[in-house]
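Okay, structure08.cif now, which holds mmCIF, C-alpha atoms:
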```
data_start
loop_
_atom_site.label_atom_id
_atom_site.label_comp_id
_atom_site.auth_asym_id
_atom_site.auth_seq_id
_atom_site.Cartn_x
_atom_site.Cartn_y
_atom_site.Cartn_z
CA MET A 1 0.00 0.00 0.00
CA THR A 2 1.32 3.43 -0.98
CA GLU A 3 1.00 6.17 1.63
CA LEU A 4 0.29 9.67 0.33
CA LEU A 5 0.23 12.79 2.48
CA ILE A 6 -2.56 14.98 1.09
CA CYS A 7 -1.44 18.60 1.36
CA THR A 8 -4.77 20.38 1.62
CA GLY A 9 -7.13 21.49 4.33
CA ASN A 10 -10.02 21.80 1.85
CA PRO A 11 -12.59 19.12 2.79
CA GLY A 12 -14.06 19.16 -0.73
CA LYS A 13 -10.69 18.32 -2.28
CA VAL A 14 -10.06 15.61 0.34
CA ALA A 15 -13.43 13.98 -0.41
CA GLU A 16 -12.77 14.05 -4.16
CA LEU A 17 -9.27 12.61 -3.77
CA LYS A 18 -10.57 9.82 -1.52
CA ALA A 19 -13.22 8.99 -4.11
CA ILE A 20 -10.83 9.05 -7.08
CA LEU A 21 -7.72 7.33 -5.71
CA PRO A 22 -7.66 3.52 -5.81
CA ALA A 23 -7.91 1.60 -2.53
CA SER A 24 -4.22 0.68 -2.83
CA PHE A 25 -3.35 4.21 -1.69
CA LYS A 26 -3.49 5.07 2.02
CA LEU A 27 -4.25 8.74 2.49
CA ILE A 28 -2.64 10.65 5.34
CA MET A 29 -4.09 14.02 6.34
CA LEU A 30 -2.05 17.07 7.37
CA ALA A 31 -3.52 16.94 10.89
CA ASP A 32 -2.26 13.34 11.22
CA VAL A 33 1.34 14.58 10.98
CA GLY A 34 0.88 17.82 12.93
CA LEU A 35 0.91 20.21 9.98
CA PRO A 36 -1.46 23.17 9.58
CA ALA A 37 -4.46 22.88 7.26
CA ASP A 38 -3.54 26.14 5.50
CA LEU A 39 -0.17 25.65 3.80
CA PRO A 40 1.85 28.42 2.13
CA GLU A 41 0.46 29.41 -1.26
CA THR A 42 2.26 32.51 -2.50
CA GLY A 43 3.08 31.50 -6.08
CA THR A 44 1.91 33.33 -9.17
CA THR A 45 0.95 30.14 -11.03
CA LEU A 46 -0.97 26.98 -10.18
CA GLU A 47 2.23 24.98 -10.65
CA GLU A 48 4.17 27.14 -8.18
CA ASN A 49 1.44 26.86 -5.54
CA ALA A 50 1.03 23.09 -5.87
CA LEU A 51 4.79 22.55 -5.61
CA GLN A 52 5.12 25.03 -2.72
CA LYS A 53 2.52 23.19 -0.62
CA ALA A 54 3.98 19.75 -1.38
CA ARG A 55 7.55 20.94 -0.68
CA PHE A 56 6.49 22.48 2.65
CA ALA A 57 5.03 19.15 3.80
CA PHE A 58 7.80 16.99 2.33
CA GLU A 59 10.57 19.02 3.99
CA ARG A 60 8.90 18.47 7.37
CA THR A 61 7.85 14.83 7.02
CA ARG A 62 9.95 13.20 4.23
CA MET A 63 6.73 11.42 3.24
CA THR A 64 5.43 11.13 -0.32
CA CYS A 65 3.30 14.27 -0.66
CA ILE A 66 0.64 15.32 -3.14
CA ALA A 67 -0.79 18.81 -3.43
CA ASP A 68 -2.91 20.51 -6.00
CA ASP A 69 -3.82 23.99 -6.98
CA THR A 70 -6.88 24.55 -9.09
CA GLY A 71 -8.07 27.61 -10.91
CA LEU A 72 -11.18 28.64 -12.76
CA GLU A 73 -10.03 30.54 -15.85
CA VAL A 74 -12.74 32.65 -17.51
CA THR A 75 -11.98 33.79 -21.06
CA ALA A 76 -13.78 37.15 -20.86
CA LEU A 77 -11.96 37.90 -17.58
CA HIS A 78 -8.56 37.29 -19.22
CA GLY A 79 -8.05 34.07 -17.28
CA ALA A 80 -9.26 35.37 -13.91
CA PRO A 81 -9.82 34.33 -11.23
CA GLY A 82 -7.13 31.74 -12.08
CA VAL A 83 -4.51 31.35 -9.37
CA TYR A 84 -6.63 33.59 -7.11
CA SER A 85 -9.76 31.43 -7.42
CA ALA A 86 -10.04 30.58 -3.70
CA ARG A 87 -9.70 34.22 -2.62
CA TYR A 88 -11.17 36.04 -5.63
CA ALA A 89 -13.65 38.01 -3.50
CA GLY A 90 -11.23 38.48 -0.59
CA GLY A 91 -9.12 36.73 2.01
CA SER A 92 -12.07 35.02 3.70
CA LYS A 93 -12.13 32.44 0.85
CA ASP A 94 -15.95 32.58 0.72
CA PRO A 95 -17.11 30.34 -2.17
CA LYS A 96 -20.47 32.10 -2.51
CA ALA A 97 -18.84 35.54 -2.66
CA ASN A 98 -16.32 34.24 -5.22
CA MET A 99 -19.13 32.88 -7.43
CA ASN A 100 -21.12 36.09 -7.12
CA LYS A 101 -18.10 38.17 -8.15
CA VAL A 102 -17.62 36.07 -11.30
CA LEU A 103 -21.33 36.32 -12.15
CA GLU A 104 -21.32 40.10 -11.59
CA LYS A 105 -18.30 40.58 -13.83
CA LEU A 106 -19.95 38.49 -16.57
CA GLN A 107 -23.26 40.32 -16.45
CA ASP A 108 -24.23 41.16 -20.07
CA VAL A 109 -21.04 39.47 -21.37
CA PRO A 110 -21.87 37.12 -24.28
CA ASP A 111 -18.67 35.02 -24.09
CA ARG A 112 -19.07 32.85 -20.99
CA SER A 113 -16.43 30.27 -21.93
CA ALA A 114 -14.15 29.06 -19.17
CA ARG A 115 -12.01 26.17 -18.09
CA PHE A 116 -11.03 24.55 -14.83
CA ARG A 117 -7.36 23.62 -14.55
CA THR A 118 -5.69 21.55 -11.84
CA VAL A 119 -1.98 21.05 -11.31
CA MET A 120 -1.20 18.09 -9.06
CA ALA A 121 2.29 18.03 -7.56
CA LEU A 122 3.95 14.86 -6.33
CA ILE A 123 7.08 15.09 -4.21
CA SER A 124 8.88 12.06 -2.85
CA LYS A 125 12.43 10.93 -2.16
CA GLU A 126 12.58 10.13 -5.89
CA GLY A 127 11.96 13.75 -6.96
CA GLU A 128 9.28 16.21 -8.02
CA HIS A 129 6.62 15.76 -10.70
CA THR A 130 3.51 17.65 -11.80
CA PHE A 131 0.38 16.43 -13.58
CA VAL A 132 -2.11 18.75 -15.27
CA GLY A 133 -5.81 18.18 -15.81
CA GLU A 134 -8.31 20.52 -17.38
CA VAL A 135 -11.88 20.65 -18.54
CA ALA A 136 -13.48 23.24 -20.82
CA GLY A 137 -16.94 24.61 -20.29
CA SER A 138 -18.88 27.78 -19.61
CA ILE A 139 -20.26 29.87 -16.78
CA THR A 140 -24.00 29.68 -16.16
CA GLU A 141 -26.20 32.74 -15.62
CA SER A 142 -26.89 31.70 -12.02
CA PRO A 143 -25.85 28.93 -9.58
CA ARG A 144 -27.39 25.49 -10.15
CA GLY A 145 -27.11 22.42 -7.94
CA THR A 146 -26.09 21.65 -4.39
CA LEU A 147 -23.30 19.10 -4.80
CA GLY A 148 -19.59 19.75 -5.08
CA PHE A 149 -17.86 22.87 -3.78
CA GLY A 150 -16.26 26.12 -4.89
CA TYR A 151 -17.39 27.27 -8.32
CA ASP A 152 -19.15 23.97 -9.15
CA PRO A 153 -22.67 25.52 -9.15
CA ILE A 154 -21.78 27.95 -11.97
CA PHE A 155 -19.47 25.74 -14.09
CA LEU A 156 -21.08 23.84 -16.95
CA PRO A 157 -18.60 21.35 -18.46
CA GLU A 158 -18.85 21.21 -22.25
CA MET A 159 -19.75 17.50 -22.28
CA SER A 160 -22.78 17.93 -20.02
CA ASP A 161 -25.97 19.94 -19.65
CA LEU A 162 -25.54 19.76 -15.86
CA THR A 163 -23.22 21.91 -13.77
CA PHE A 164 -20.56 20.21 -11.65
CA ALA A 165 -22.85 20.86 -8.65
CA GLU A 166 -25.72 19.01 -10.37
CA LEU A 167 -23.65 15.98 -11.32
CA ASP A 168 -23.37 12.92 -9.13
CA PRO A 169 -19.86 13.00 -7.58
CA LYS A 170 -18.81 9.85 -9.49
CA GLN A 171 -19.89 11.45 -12.77
CA LYS A 172 -18.07 14.66 -11.92
CA ASN A 173 -14.87 12.83 -10.96
CA ALA A 174 -14.95 10.89 -14.23
CA ILE A 175 -14.77 14.08 -16.31
CA SER A 176 -13.27 16.69 -14.01
CA HIS A 177 -9.98 18.54 -14.13
CA ARG A 178 -8.94 17.08 -10.76
CA GLY A 179 -9.93 13.56 -11.79
CA ASN A 180 -7.87 13.91 -14.97
CA ALA A 181 -4.78 15.09 -13.06
CA VAL A 182 -5.15 12.42 -10.37
CA TRP A 183 -5.43 9.61 -12.91
CA LYS A 184 -2.18 10.81 -14.53
CA LEU A 185 -0.56 10.76 -11.07
CA VAL A 186 -1.89 7.27 -10.31
CA ARG A 187 -0.67 5.94 -13.68
CA PHE A 188 2.76 7.40 -13.00
CA LEU A 189 2.97 5.84 -9.53
CA GLN A 190 1.81 2.47 -10.84
CA GLU A 191 4.43 2.57 -13.60
CA GLN A 192 7.00 3.21 -10.85
CA GLY A 193 5.80 0.03 -9.11
CA ARG A 194 4.12 1.79 -6.19
#
```

Using structure tokens, write down the structure from this file.
Amino acid sequence: MTELLICTGNPGKVAELKAILPASFKLIMLADVGLPADLPETGTTLEENALQKARFAFERTRMTCIADDTGLEVTALHGAPGVYSARYAGGSKDPKANMNKVLEKLQDVPDRSARFRTVMALISKEGEHTFVGEVAGSITESPRGTLGFGYDPIFLPEMSDLTFAELDPKQKNAISHRGNAVWKLVRFLQEQGR
């Protein structure tokens, strides 16, 4: 069994990772090793943030660490909120306020195209690796659905007529940006014999 330290305090991400990762992976939480739930995230790109969080945990535990950073990138907003997705409406990281800010900025904007992008970082004694997953879609006129977290109620993936918050979690994980990145990570670890 491969142990992975999950470098996030976001319960939504933890739930998704638990659902996506095969049973052969034992997931260790930050609290289990005495690390804070809110790890440093001062990079200017998703890649920098994912690596920063995984490095922080690896340097303190020497365990195999995975961390992700995910951004909603809206075409009409020139890629915003992007790396600032979690704190788009301010430091309180309020998902509802973040969604409302996106919807306000897109009011009367015809191009509602967007994408979700996840960068998953893996750091172990063998080195550092990143895996990218993305899904294209659009922003709805108003929130729809009660499942998921973050921007899920306003993101409509292009292969569905349901938002991420309307999709069953298994369906979402099968097509999502995070699911895509995690499966690349799993394939890599399995090829390494772990």

- Query: To one decimal place, how far is atom CA of Lys170 of chain A from atom CA of Lys13 of chain A in Å?
  - Reply: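 Value for the atom CA of Lys170 of chain A-atom CA of Lys13 of chain A distance: 13.8 Å.
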
- Note on the structure: From atom CA of Arg187 of chain A to atom CA of Ile175 of chain A the spacing works out at 16.5 Å

Closest atom pairs, segment 59-146 of chain A residues within 9 Å of segment 39-55 of chain A, all atoms listed in the file, as JSON lines:
```
{"residue": "A:Glu59", "atom": "CA", "partner": "A:Arg55", "partner_atom": "CA", "distance": 5.9}
{"residue": "A:Arg60", "atom": "CA", "partner": "A:Arg55", "partner_atom": "CA", "distance": 8.5}
{"residue": "A:Thr64", "atom": "CA", "partner": "A:Ala54", "partner_atom": "CA", "distance": 8.8}
{"residue": "A:Cys65", "atom": "CA", "partner": "A:Ala54", "partner_atom": "CA", "distance": 5.6}
{"residue": "A:Ile66", "atom": "CA", "partner": "A:Ala54", "partner_atom": "CA", "distance": 5.8}
{"residue": "A:Ala67", "atom": "CA", "partner": "A:Ala50", "partner_atom": "CA", "distance": 5.3}
{"residue": "A:Asp68", "atom": "CA", "partner": "A:Ala50", "partner_atom": "CA", "distance": 4.7}
{"residue": "A:Asp69", "atom": "CA", "partner": "A:Ala50", "partner_atom": "CA", "distance": 5.1}
{"residue": "A:Thr70", "atom": "CA", "partner": "A:Leu46", "partner_atom": "CA", "distance": 6.5}
{"residue": "A:Gly71", "atom": "CA", "partner": "A:Leu46", "partner_atom": "CA", "distance": 7.2}
{"residue": "A:Gly82", "atom": "CA", "partner": "A:Leu46", "partner_atom": "CA", "distance": 8.0}
{"residue": "A:Val83", "atom": "CA", "partner": "A:Leu46", "partner_atom": "CA", "distance": 5.7}
{"residue": "A:Tyr84", "atom": "CA", "partner": "A:Thr44", "partner_atom": "CA", "distance": 8.8}
{"residue": "A:Arg117", "atom": "CA", "partner": "A:Leu46", "partner_atom": "CA", "distance": 8.4}
{"residue": "A:Thr118", "atom": "CA", "partner": "A:Leu46", "partner_atom": "CA", "distance": 7.4}
{"residue": "A:Val119", "atom": "CA", "partner": "A:Glu47", "partner_atom": "CA", "distance": 5.8}
{"residue": "A:Met120", "atom": "CA", "partner": "A:Ala50", "partner_atom": "CA", "distance": 6.3}
{"residue": "A:Ala121", "atom": "CA", "partner": "A:Ala50", "partner_atom": "CA", "distance": 5.5}
{"residue": "A:Leu122", "atom": "CA", "partner": "A:Ala54", "partner_atom": "CA", "distance": 7.0}
{"residue": "A:Ile123", "atom": "CA", "partner": "A:Ala54", "partner_atom": "CA", "distance": 6.3}
{"residue": "A:Glu128", "atom": "CA", "partner": "A:Leu51", "partner_atom": "CA", "distance": 8.1}
{"residue": "A:His129", "atom": "CA", "partner": "A:Leu51", "partner_atom": "CA", "distance": 8.7}
{"residue": "A:Thr130", "atom": "CA", "partner": "A:Glu47", "partner_atom": "CA", "distance": 7.5}
{"residue": "A:Val132", "atom": "CA", "partner": "A:Glu47", "partner_atom": "CA", "distance": 8.9}
```

- What residues come out when you apply the PyMOL selection byres ((chain A and resi 133) around 8) to this file, written as a list in words?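 Expected selection for the PyMOL selection byres ((chain A and resi 133) around 8) here is Arg117, Thr118, Val119, Phe131, Val132, Glu134, Val135, Ser176, His177, Arg178, Gly179, Asn180, Ala181 and Val182 of chain A.
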
- Item | 12 Å contact set for Gly79 of chain A, all atoms listed in the file, chain neighbours under 5 positions out, as an MDAnalysis selection string | chainID A and resid 45 71:74 84:85 102 112:117

Residues near Phe25 of chain A, anyone? I mean within 8 Å using all atoms listed in the file, not counting same-chain ones fewer than 5 positions away, as a CSV table (one decimal) with C-alpha atoms, in the coordinates of the input.
```csv
chain,number,residue,atom,x,y,z
A,1,MET,CA,0.0,0.0,0.0
A,2,THR,CA,1.3,3.4,-1.0
A,3,GLU,CA,1.0,6.2,1.6
A,4,LEU,CA,0.3,9.7,0.3
```

- Task: Run the PyMOL selection byres ((chain A and resi 145-150) around 7) mentally over the shown coordinates, then write out the matched residues as a PyMOL selection string, using the chain letters and numbers from the document.
- Result: chain A and resi 12+95+143-144+151-153+164-166

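What separates atom CA of Met99 of chain A from atom CA of Ala136 of chain A is a distance of 17.4 Å.
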
- Task: Rank A:Gly193, A:Gly34, A:Gly90, A:Gly137 by their smallest atom-to-atom distance to Ile154 of chain A, using only C-alpha atoms, and report the top residue only.
- Result: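 Selected residue with least distance to Ile154 of chain A: A:Gly137.
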
Each side padded by 8 Å, which centre and which edge lengths in Å (one decimal) define the axis-aligned box around the listed atoms of segment 93-107 of chain A? Give them as lines of an AutoDock Vina configuration file.
```
center_x = -17.7
center_y = 35.5
center_z = -7.9
size_x = 27.1
size_y = 26.2
size_z = 33.4
```

- Kindly indicate which residue among A:Asp38, A:Glu141, A:Asp168, A:Asp32 lies nearest to Lys105 of chain A, using only C-alpha atoms for the distances. A:Glu141

- Query: Out of A:Ile139, A:Leu21, A:Val33, A:Phe56, which residue has the shortest atom-to-atom distance to Glu158 of chain A when counting all atoms listed in the file?
  - Reply: A:Ile139

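With only C-alpha atoms as the atoms that count, the residue of A:Asn10, A:Gln107, A:Thr163, A:Gln190 with the shortest distance to Ala86 of chain A is A:Asn10.
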
- Task: Kindly indicate which residue among A:Lys125, A:Lys101, A:Thr8, A:Gln192 lies nearest to Ala31 of chain A, using all atoms listed in the file for the distances.
- Result: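 The answer is A:Thr8, which sits nearest to Ala31 of chain A.
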